[in-house]
Amino acid sequence: MSAQIIDGKAIAATIRGEIKAEVDAMQTRYSQVPGLATVLVGERKDSQTYVRMKKKACAEVGIASFSHDLPADISQADLLKVVQDLNAHPEVNGILVQLPLPDHINEEEILSAISLTKDVDGFHPINIGRLSMKRRAPLFVPCTPKGCIELLDRSGVEIEGRRAVVLGRSNIVGLPVAMLLLHRNATLTICHSRTQNLPQIVREADILIAAVGRPEMVKGDWIKPGAVVIDVGMNAVDDPAAAKGYRLVGDVAFDEAREVASAITPVPGGVGPMTIAMLLRNTLDGAKRTLE
Ligand code: GUN
């Protein structure tokens, strides 16, 4: 039997529609719209693409965006100053510093400088700390992890009491999504590059979140029959037949896995669009908190 395809693109479009309606209502009631500042350091093509997509998505729902494209050799002090100015800017409700930052920049210091109330990426150490403790509410939850949970919820997948396996332990996805699953009462296992008997452990998952960044690493026979698979991977692999010379694949061998899973996200069109939808949601929520 072939799995249900979890259509992240369609779910994200629905969410963007909900957000647009709320932005319109805010405009009517307060004559104000939410504002997102994007901070891009250097000229990485992937980061430029992500930031461009985020700004376009803002425009489509009526969120104002403020761009700060900075040179790769900007000093720590100058970058800090940009963040501090944005903290004080009354029309900016969210500050997004695109990662990764160049090697000479102390990322932790920059992320710590973002006002807690504008930390729409949820990467401030205090927001991450609160996410990692019981009964402590972070002001914002990181966008990709939040998008994974939203996909499960909107697809009617029960989380409580089920076996969840997270493959990957990054600060951006693996660790925070694990915390969210735990808060939702999943029984959690976190695996990574040093895990022994990896296929065997992945095979225990009722819910698998794959976020290792290795193209098609998870094979069909690693999947428990009937499992739900959320593939966060976004890997470019050479493909001479493709117009661009490459194609995007996830961390899961999709064609094999879809024959075993009960539901699975495609790449592209699964988690990716949800990350942006959750950024818009966080920016709107930040603005509402300030106004109300
Ligand atoms: N780099 C990769 N993913 C993300 C993200 O969600 N937010 C930011 N700021 N940078 C990223």
# chains A, B, ... in the order shown; residues from 1 in each chain; ligands from 1

$ residues_near_ligand --ligand "ligand 1" --cutoff "8 Å" --atoms "only C-alpha atoms and all ligand atoms" --output "PyMOL selection string"
chain A and resi 47+96-100+121+142-144+172+275

$ write_last_selection --atoms "all heavy atoms" --output "CSV table (one decimal), in the first residue's frame"
chain,number,residue,atom,x,y,z
A,47,SER,N,21.5,30.9,1.4
A,47,SER,CA,20.9,31.8,2.4
A,47,SER,C,20.2,33.0,1.7
A,47,SER,O,19.1,33.4,2.1
A,47,SER,CB,22.0,32.4,3.3
A,47,SER,OG,22.6,31.4,4.1
A,96,LEU,N,15.1,38.3,12.1
A,96,LEU,CA,15.6,37.0,11.6
A,96,LEU,C,17.1,37.2,11.2
A,96,LEU,O,17.3,37.9,10.2
A,96,LEU,CB,14.7,36.5,10.5
A,96,LEU,CG,15.3,35.3,9.8
A,96,LEU,CD1,14.2,34.3,9.7
A,96,LEU,CD2,15.9,35.5,8.5
A,97,VAL,N,18.0,36.6,11.9
A,97,VAL,CA,19.4,36.6,11.4
A,97,VAL,C,19.6,35.3,10.7
A,97,VAL,O,19.6,34.2,11.4
A,97,VAL,CB,20.3,36.7,12.6
A,97,VAL,CG1,21.8,36.7,12.2
A,97,VAL,CG2,20.1,38.1,13.4
A,98,GLN,N,19.8,35.3,9.4
A,98,GLN,CA,19.9,34.0,8.7
A,98,GLN,C,21.2,33.3,9.1
A,98,GLN,O,22.3,33.9,9.1
A,98,GLN,CB,19.9,34.3,7.2
A,98,GLN,CG,19.9,33.1,6.3
A,98,GLN,CD,18.6,32.3,6.4
A,98,GLN,OE1,17.5,32.8,6.7
A,98,GLN,NE2,18.7,31.0,6.2
A,99,LEU,N,21.1,32.1,9.3
A,99,LEU,CA,22.3,31.2,9.7
A,99,LEU,C,22.6,30.3,8.5
A,99,LEU,O,21.8,30.0,7.7
A,99,LEU,CB,21.9,30.4,10.9
A,99,LEU,CG,21.5,31.1,12.1
A,99,LEU,CD1,21.2,30.1,13.3
A,99,LEU,CD2,22.6,32.1,12.6
A,100,PRO,N,23.9,29.9,8.3
A,100,PRO,CA,25.0,30.2,9.2
A,100,PRO,C,25.6,31.6,9.0
A,100,PRO,O,25.5,32.1,7.9
A,100,PRO,CB,26.0,29.1,8.8
A,100,PRO,CG,25.7,28.8,7.3
A,100,PRO,CD,24.2,29.0,7.2
A,121,ASP,N,12.8,33.5,15.4
A,121,ASP,CA,13.4,32.2,15.0
A,121,ASP,C,13.4,31.3,16.3
A,121,ASP,O,13.7,30.1,16.1
A,121,ASP,CB,14.8,32.4,14.5
A,121,ASP,CG,15.0,32.2,13.0
A,121,ASP,OD1,14.2,31.4,12.5
A,121,ASP,OD2,15.9,32.8,12.4
A,142,PRO,N,11.2,27.6,17.5
A,142,PRO,CA,11.9,27.6,16.2
A,142,PRO,C,10.9,27.1,15.1
A,142,PRO,O,10.1,26.2,15.3
A,142,PRO,CB,13.1,26.7,16.4
A,142,PRO,CG,13.4,26.8,17.8
A,142,PRO,CD,12.1,27.0,18.5
A,143,CYS,N,11.1,27.7,13.9
A,143,CYS,CA,10.1,27.6,12.8
A,143,CYS,C,10.0,26.2,12.2
A,143,CYS,O,8.9,25.6,12.0
A,143,CYS,CB,10.4,28.6,11.7
A,143,CYS,SG,10.4,30.3,12.4
A,144,THR,N,11.1,25.6,11.9
A,144,THR,CA,11.1,24.3,11.2
A,144,THR,C,10.5,23.2,12.2
A,144,THR,O,9.6,22.5,11.8
A,144,THR,CB,12.4,23.8,10.7
A,144,THR,OG1,12.9,24.9,9.7
A,144,THR,CG2,12.4,22.5,9.9
A,172,ILE,N,19.1,23.8,15.2
A,172,ILE,CA,18.0,24.4,14.4
A,172,ILE,C,16.8,23.5,14.3
A,172,ILE,O,15.6,23.9,14.3
A,172,ILE,CB,18.5,24.8,13.0
A,172,ILE,CG1,19.5,26.0,13.1
A,172,ILE,CG2,17.4,25.2,12.0
A,172,ILE,CD1,20.1,26.5,11.8
A,275,THR,N,8.2,25.9,7.2
A,275,THR,CA,9.2,26.7,7.9
A,275,THR,C,8.8,28.2,7.7
A,275,THR,O,8.7,29.0,8.7
A,275,THR,CB,10.6,26.5,7.4
A,275,THR,OG1,10.9,25.1,7.7
A,275,THR,CG2,11.6,27.4,8.1

$ closest_atom_pairs --of "region 53-77 of chain A" --to "region 12-24 of chain A" --cutoff "8 Å" --atoms "only C-alpha atoms" --output "tab-separated table"
residue	atom	partner	partner_atom	distance
A:Glu60	CA	A:Lys20	CA	7.9
A:Val61	CA	A:Lys20	CA	4.5
A:Gly62	CA	A:Val23	CA	6.5
A:Ile63	CA	A:Val23	CA	7.3

$ closest_atom_pairs --of "region 119-147 of chain A" --to "region 109-114 of chain A" --cutoff "9 Å" --atoms "only C-alpha atoms" --output "JSON lines"
{"residue": "A:Asp119", "atom": "CA", "partner": "A:Ile114", "partner_atom": "CA", "distance": 6.1}
{"residue": "A:Phe123", "atom": "CA", "partner": "A:Leu111", "partner_atom": "CA", "distance": 6.6}
{"residue": "A:His124", "atom": "CA", "partner": "A:Ser112", "partner_atom": "CA", "distance": 5.3}
{"residue": "A:Pro125", "atom": "CA", "partner": "A:Ser112", "partner_atom": "CA", "distance": 6.3}
{"residue": "A:Ile126", "atom": "CA", "partner": "A:Ser112", "partner_atom": "CA", "distance": 8.2}

$ write_last_selection --atoms "N, CA and C atoms" --output "compact mmCIF listing (two decimals), in the first residue's frame"
# COMPACT_ATOMS: atom_id res chain seq x y z
N ASP A 119 12.34 37.58 18.96
CA ASP A 119 13.13 36.41 18.57
C ASP A 119 12.28 35.40 17.80
N PHE A 123 15.70 31.18 18.53
CA PHE A 123 17.05 30.68 18.79
C PHE A 123 17.75 31.36 19.96
N HIS A 124 17.11 32.36 20.58
CA HIS A 124 17.73 32.98 21.74
C HIS A 124 17.93 31.93 22.83
N PRO A 125 19.09 31.93 23.50
CA PRO A 125 19.35 30.88 24.50
C PRO A 125 18.25 30.78 25.57
N ILE A 126 17.61 31.89 25.91
CA ILE A 126 16.55 31.81 26.93
C ILE A 126 15.30 31.13 26.36

$ atom_distance --atom1 "CA of Gly250 (chain A)" --atom2 "CA of Val232 (chain A)"
6.7 Å

$ atom_distance --atom1 "CA of Arg184 (chain A)" --atom2 "CA of Ile201 (chain A)"
20.6 Å

$ select_by_dssp --residues "region 89-287 of chain A" --states "alpha helix (DSSP H)" --output "ChimeraX atom specification"
/A:107-113,125-131,143-154,174-183,198-202,254-257,271-287

$ write_last_selection --atoms "C-alpha atoms" --output "PDB file, in the first residue's frame"
ATOM      1  CA  GLU A 107      26.876  33.385  16.597  1.00  0.00           C
ATOM      2  CA  GLU A 108      25.848  32.871  20.190  1.00  0.00           C
ATOM      3  CA  GLU A 109      26.547  36.484  21.083  1.00  0.00           C
ATOM      4  CA  ILE A 110      24.517  37.733  18.111  1.00  0.00           C
ATOM      5  CA  LEU A 111      21.536  35.469  18.810  1.00  0.00           C
ATOM      6  CA  SER A 112      21.656  36.408  22.506  1.00  0.00           C
ATOM      7  CA  ALA A 113      21.481  40.101  21.591  1.00  0.00           C
ATOM      8  CA  PRO A 125      19.352  30.879  24.502  1.00  0.00           C
ATOM      9  CA  ILE A 126      16.551  31.812  26.930  1.00  0.00           C
ATOM     10  CA  ASN A 127      13.828  30.738  24.504  1.00  0.00           C
ATOM     11  CA  ILE A 128      15.710  27.488  23.800  1.00  0.00           C
ATOM     12  CA  GLY A 129      16.239  27.005  27.543  1.00  0.00           C
ATOM     13  CA  ARG A 130      12.546  27.441  28.257  1.00  0.00           C
ATOM     14  CA  LEU A 131      11.688  25.046  25.417  1.00  0.00           C
ATOM     15  CA  CYS A 143      10.075  27.566  12.812  1.00  0.00           C
ATOM     16  CA  THR A 144      11.062  24.254  11.212  1.00  0.00           C
ATOM     17  CA  PRO A 145      10.385  22.173  14.365  1.00  0.00           C
ATOM     18  CA  LYS A 146       7.094  23.995  14.889  1.00  0.00           C
ATOM     19  CA  GLY A 147       6.218  23.287  11.234  1.00  0.00           C
ATOM     20  CA  CYS A 148       6.886  19.543  11.713  1.00  0.00           C
ATOM     21  CA  ILE A 149       4.442  19.376  14.634  1.00  0.00           C
ATOM     22  CA  GLU A 150       1.874  21.441  12.749  1.00  0.00           C
ATOM     23  CA  LEU A 151       2.093  18.965   9.826  1.00  0.00           C
ATOM     24  CA  LEU A 152       1.417  16.073  12.201  1.00  0.00           C
ATOM     25  CA  ASP A 153      -1.488  17.887  13.875  1.00  0.00           C
ATOM     26  CA  ARG A 154      -3.122  19.004  10.660  1.00  0.00           C
ATOM     27  CA  GLY A 174      16.850  18.021  15.734  1.00  0.00           C
ATOM     28  CA  LEU A 175      17.112  19.215  19.328  1.00  0.00           C
ATOM     29  CA  PRO A 176      14.120  21.581  19.357  1.00  0.00           C
ATOM     30  CA  VAL A 177      11.801  19.159  17.514  1.00  0.00           C
ATOM     31  CA  ALA A 178      12.747  16.494  20.054  1.00  0.00           C
ATOM     32  CA  MET A 179      11.717  18.834  22.885  1.00  0.00           C
ATOM     33  CA  LEU A 180       8.391  19.571  21.198  1.00  0.00           C
ATOM     34  CA  LEU A 181       7.645  15.854  20.789  1.00  0.00           C
ATOM     35  CA  LEU A 182       8.470  15.288  24.447  1.00  0.00           C
ATOM     36  CA  HIS A 183       6.126  18.115  25.488  1.00  0.00           C
ATOM     37  CA  LEU A 198      20.691   2.916  13.527  1.00  0.00           C
ATOM     38  CA  PRO A 199      18.299   1.057  11.168  1.00  0.00           C
ATOM     39  CA  GLN A 200      17.060  -1.060  14.061  1.00  0.00           C
ATOM     40  CA  ILE A 201      16.291   1.997  16.199  1.00  0.00           C
ATOM     41  CA  VAL A 202      14.646   3.896  13.349  1.00  0.00           C
ATOM     42  CA  PHE A 254      11.123   8.498  -0.753  1.00  0.00           C
ATOM     43  CA  ASP A 255      10.085   5.907  -3.352  1.00  0.00           C
ATOM     44  CA  GLU A 256      11.015   3.033  -1.051  1.00  0.00           C
ATOM     45  CA  ALA A 257       9.652   4.609   2.121  1.00  0.00           C
ATOM     46  CA  VAL A 271       8.480  20.642   5.538  1.00  0.00           C
ATOM     47  CA  GLY A 272      10.093  23.500   3.544  1.00  0.00           C
ATOM     48  CA  PRO A 273       6.958  25.586   2.979  1.00  0.00           C
ATOM     49  CA  MET A 274       5.983  25.071   6.624  1.00  0.00           C
ATOM     50  CA  THR A 275       9.163  26.741   7.917  1.00  0.00           C
ATOM     51  CA  ILE A 276       8.208  29.969   6.180  1.00  0.00           C
ATOM     52  CA  ALA A 277       4.562  29.735   7.247  1.00  0.00           C
ATOM     53  CA  MET A 278       5.677  29.361  10.883  1.00  0.00           C
ATOM     54  CA  LEU A 279       7.988  32.378  10.567  1.00  0.00           C
ATOM     55  CA  LEU A 280       5.011  34.447   9.422  1.00  0.00           C
ATOM     56  CA  ARG A 281       2.936  33.023  12.297  1.00  0.00           C
ATOM     57  CA  ASN A 282       5.643  33.900  14.849  1.00  0.00           C
ATOM     58  CA  THR A 283       5.998  37.428  13.454  1.00  0.00           C
ATOM     59  CA  LEU A 284       2.231  37.974  13.623  1.00  0.00           C
ATOM     60  CA  ASP A 285       2.063  36.549  17.160  1.00  0.00           C
ATOM     61  CA  GLY A 286       4.914  38.853  18.233  1.00  0.00           C
ATOM     62  CA  ALA A 287       3.084  41.863  16.810  1.00  0.00           C
TER      63      ALA A 287
END

$ select_by_dssp --residues "region 22-245 of chain A" --states "strand (DSSP E or B)" --output "mmCIF file with N, CA, C and O atoms, in the first residue's frame"
data_model
loop_
_atom_site.group_PDB
_atom_site.id
_atom_site.type_symbol
_atom_site.label_atom_id
_atom_site.label_comp_id
_atom_site.auth_asym_id
_atom_site.auth_seq_id
_atom_site.Cartn_x
_atom_site.Cartn_y
_atom_site.Cartn_z
ATOM 1 N N GLY A 35 5.881 43.626 11.350
ATOM 2 C CA GLY A 35 7.104 43.874 10.589
ATOM 3 C C GLY A 35 8.182 42.843 10.911
ATOM 4 O O GLY A 35 8.395 42.498 12.072
ATOM 5 N N LEU A 36 8.837 42.349 9.861
ATOM 6 C CA LEU A 36 9.940 41.390 10.035
ATOM 7 C C LEU A 36 11.219 41.978 9.460
ATOM 8 O O LEU A 36 11.234 42.404 8.300
ATOM 9 N N ALA A 37 12.279 41.999 10.245
ATOM 10 C CA ALA A 37 13.596 42.415 9.741
ATOM 11 C C ALA A 37 14.402 41.174 9.402
ATOM 12 O O ALA A 37 14.482 40.236 10.206
ATOM 13 N N THR A 38 14.974 41.155 8.184
ATOM 14 C CA THR A 38 15.865 40.045 7.816
ATOM 15 C C THR A 38 17.302 40.553 7.812
ATOM 16 O O THR A 38 17.576 41.633 7.288
ATOM 17 N N VAL A 39 18.182 39.781 8.403
ATOM 18 C CA VAL A 39 19.599 40.141 8.438
ATOM 19 C C VAL A 39 20.370 39.032 7.729
ATOM 20 O O VAL A 39 20.370 37.872 8.166
ATOM 21 N N LEU A 40 20.973 39.395 6.601
ATOM 22 C CA LEU A 40 21.715 38.418 5.795
ATOM 23 C C LEU A 40 23.165 38.878 5.725
ATOM 24 O O LEU A 40 23.445 39.985 5.271
ATOM 25 N N VAL A 41 24.076 38.041 6.171
ATOM 26 C CA VAL A 41 25.495 38.397 6.146
ATOM 27 C C VAL A 41 26.193 37.552 5.083
ATOM 28 O O VAL A 41 26.133 36.322 5.127
ATOM 29 N N ALA A 64 5.168 43.663 6.704
ATOM 30 C CA ALA A 64 6.222 44.538 6.178
ATOM 31 C C ALA A 64 7.575 43.867 6.413
ATOM 32 O O ALA A 64 7.787 43.244 7.452
ATOM 33 N N SER A 65 8.488 43.980 5.442
ATOM 34 C CA SER A 65 9.823 43.460 5.736
ATOM 35 C C SER A 65 10.878 44.540 5.577
ATOM 36 O O SER A 65 10.728 45.482 4.797
ATOM 37 N N PHE A 66 11.904 44.410 6.389
ATOM 38 C CA PHE A 66 13.008 45.375 6.455
ATOM 39 C C PHE A 66 14.285 44.582 6.210
ATOM 40 O O PHE A 66 14.646 43.735 7.021
ATOM 41 N N SER A 67 14.965 44.870 5.068
ATOM 42 C CA SER A 67 16.121 44.048 4.683
ATOM 43 C C SER A 67 17.421 44.661 5.152
ATOM 44 O O SER A 67 17.634 45.864 4.969
ATOM 45 N N HIS A 68 18.286 43.833 5.670
ATOM 46 C CA HIS A 68 19.648 44.264 5.993
ATOM 47 C C HIS A 68 20.599 43.259 5.388
ATOM 48 O O HIS A 68 20.817 42.191 5.952
ATOM 49 N N ASP A 69 21.138 43.584 4.202
ATOM 50 C CA ASP A 69 22.094 42.705 3.525
ATOM 51 C C ASP A 69 23.481 43.267 3.790
ATOM 52 O O ASP A 69 23.796 44.383 3.367
ATOM 53 N N LEU A 70 24.281 42.496 4.497
ATOM 54 C CA LEU A 70 25.540 43.014 5.024
ATOM 55 C C LEU A 70 26.730 42.251 4.438
ATOM 56 O O LEU A 70 26.595 41.074 4.079
ATOM 57 N N GLY A 94 9.789 41.294 14.516
ATOM 58 C CA GLY A 94 10.580 40.073 14.472
ATOM 59 C C GLY A 94 11.924 40.335 13.819
ATOM 60 O O GLY A 94 12.010 41.116 12.865
ATOM 61 N N ILE A 95 12.969 39.693 14.344
ATOM 62 C CA ILE A 95 14.317 39.837 13.776
ATOM 63 C C ILE A 95 14.815 38.454 13.390
ATOM 64 O O ILE A 95 14.902 37.563 14.247
ATOM 65 N N LEU A 96 15.126 38.301 12.106
ATOM 66 C CA LEU A 96 15.624 37.018 11.629
ATOM 67 C C LEU A 96 17.065 37.179 11.161
ATOM 68 O O LEU A 96 17.308 37.889 10.185
ATOM 69 N N VAL A 97 17.997 36.595 11.871
ATOM 70 C CA VAL A 97 19.393 36.596 11.438
ATOM 71 C C VAL A 97 19.620 35.256 10.744
ATOM 72 O O VAL A 97 19.594 34.191 11.384
ATOM 73 N N ARG A 163 5.894 6.185 19.834
ATOM 74 C CA ARG A 163 7.342 6.149 19.723
ATOM 75 C C ARG A 163 7.807 7.131 18.658
ATOM 76 O O ARG A 163 7.493 6.949 17.480
ATOM 77 N N ALA A 164 8.518 8.172 19.034
ATOM 78 C CA ALA A 164 9.057 9.116 18.059
ATOM 79 C C ALA A 164 10.570 8.963 18.010
ATOM 80 O O ALA A 164 11.225 8.893 19.057
ATOM 81 N N VAL A 165 11.104 8.896 16.826
ATOM 82 C CA VAL A 165 12.555 8.872 16.656
ATOM 83 C C VAL A 165 12.950 10.112 15.851
ATOM 84 O O VAL A 165 12.390 10.366 14.783
ATOM 85 N N VAL A 166 13.891 10.875 16.423
ATOM 86 C CA VAL A 166 14.439 12.038 15.725
ATOM 87 C C VAL A 166 15.835 11.665 15.268
ATOM 88 O O VAL A 166 16.667 11.254 16.077
ATOM 89 N N LEU A 167 16.067 11.784 13.975
ATOM 90 C CA LEU A 167 17.379 11.477 13.416
ATOM 91 C C LEU A 167 18.063 12.812 13.152
ATOM 92 O O LEU A 167 17.648 13.554 12.246
ATOM 93 N N THR A 187 7.124 9.154 23.303
ATOM 94 C CA THR A 187 8.293 8.480 23.885
ATOM 95 C C THR A 187 9.413 8.659 22.878
ATOM 96 O O THR A 187 9.301 8.237 21.731
ATOM 97 N N LEU A 188 10.479 9.310 23.330
ATOM 98 C CA LEU A 188 11.428 9.898 22.395
ATOM 99 C C LEU A 188 12.787 9.205 22.355
ATOM 100 O O LEU A 188 13.353 8.885 23.394
ATOM 101 N N THR A 189 13.295 9.010 21.150
ATOM 102 C CA THR A 189 14.687 8.582 20.966
ATOM 103 C C THR A 189 15.345 9.556 19.993
ATOM 104 O O THR A 189 14.748 9.894 18.967
ATOM 105 N N ILE A 190 16.538 10.026 20.350
ATOM 106 C CA ILE A 190 17.304 10.890 19.447
ATOM 107 C C ILE A 190 18.502 10.097 18.928
ATOM 108 O O ILE A 190 19.273 9.550 19.724
ATOM 109 N N CYS A 191 18.625 10.019 17.608
ATOM 110 C CA CYS A 191 19.754 9.301 16.996
ATOM 111 C C CYS A 191 20.633 10.288 16.242
ATOM 112 O O CYS A 191 20.172 11.360 15.869
ATOM 113 N N ILE A 207 6.600 7.555 14.666
ATOM 114 C CA ILE A 207 6.783 8.855 14.010
ATOM 115 C C ILE A 207 8.285 9.051 13.832
ATOM 116 O O ILE A 207 9.033 9.009 14.808
ATOM 117 N N LEU A 208 8.718 9.240 12.601
ATOM 118 C CA LEU A 208 10.139 9.465 12.330
ATOM 119 C C LEU A 208 10.334 10.885 11.818
ATOM 120 O O LEU A 208 9.679 11.306 10.860
ATOM 121 N N ILE A 209 11.229 11.631 12.478
ATOM 122 C CA ILE A 209 11.617 12.952 11.972
ATOM 123 C C ILE A 209 13.059 12.815 11.489
ATOM 124 O O ILE A 209 13.971 12.584 12.300
ATOM 125 N N ALA A 210 13.279 12.940 10.189
ATOM 126 C CA ALA A 210 14.625 12.772 9.634
ATOM 127 C C ALA A 210 15.223 14.141 9.368
ATOM 128 O O ALA A 210 14.701 14.899 8.552
ATOM 129 N N VAL A 218 17.928 7.223 4.805
ATOM 130 C CA VAL A 218 16.977 6.296 5.429
ATOM 131 C C VAL A 218 16.307 5.460 4.342
ATOM 132 O O VAL A 218 15.615 5.997 3.476
ATOM 133 N N VAL A 228 4.663 7.188 10.388
ATOM 134 C CA VAL A 228 4.519 8.505 9.753
ATOM 135 C C VAL A 228 5.922 9.103 9.630
ATOM 136 O O VAL A 228 6.670 9.144 10.615
ATOM 137 N N VAL A 229 6.294 9.546 8.446
ATOM 138 C CA VAL A 229 7.663 10.008 8.184
ATOM 139 C C VAL A 229 7.646 11.490 7.806
ATOM 140 O O VAL A 229 7.003 11.889 6.838
ATOM 141 N N ILE A 230 8.354 12.290 8.605
ATOM 142 C CA ILE A 230 8.522 13.715 8.310
ATOM 143 C C ILE A 230 9.982 13.908 7.900
ATOM 144 O O ILE A 230 10.893 13.718 8.711
ATOM 145 N N ASP A 231 10.189 14.283 6.647
ATOM 146 C CA ASP A 231 11.547 14.378 6.088
ATOM 147 C C ASP A 231 11.958 15.847 6.007
ATOM 148 O O ASP A 231 11.461 16.593 5.155
ATOM 149 N N ASN A 235 18.549 18.175 0.326
ATOM 150 C CA ASN A 235 19.900 17.927 -0.187
ATOM 151 C C ASN A 235 19.911 18.043 -1.704
ATOM 152 O O ASN A 235 19.085 17.439 -2.376
ATOM 153 N N ALA A 236 20.863 18.802 -2.226
ATOM 154 C CA ALA A 236 21.008 18.910 -3.680
ATOM 155 C C ALA A 236 21.906 17.766 -4.152
ATOM 156 O O ALA A 236 23.016 17.590 -3.649
ATOM 157 N N VAL A 237 21.420 16.957 -5.094
ATOM 158 C CA VAL A 237 22.260 15.905 -5.680
ATOM 159 C C VAL A 237 22.352 16.134 -7.191
ATOM 160 O O VAL A 237 21.400 16.583 -7.816
ATOM 161 N N ASP A 238 23.530 15.832 -7.744
ATOM 162 C CA ASP A 238 23.757 16.035 -9.186
ATOM 163 C C ASP A 238 22.740 15.242 -9.991
ATOM 164 O O ASP A 238 22.469 14.076 -9.680
#
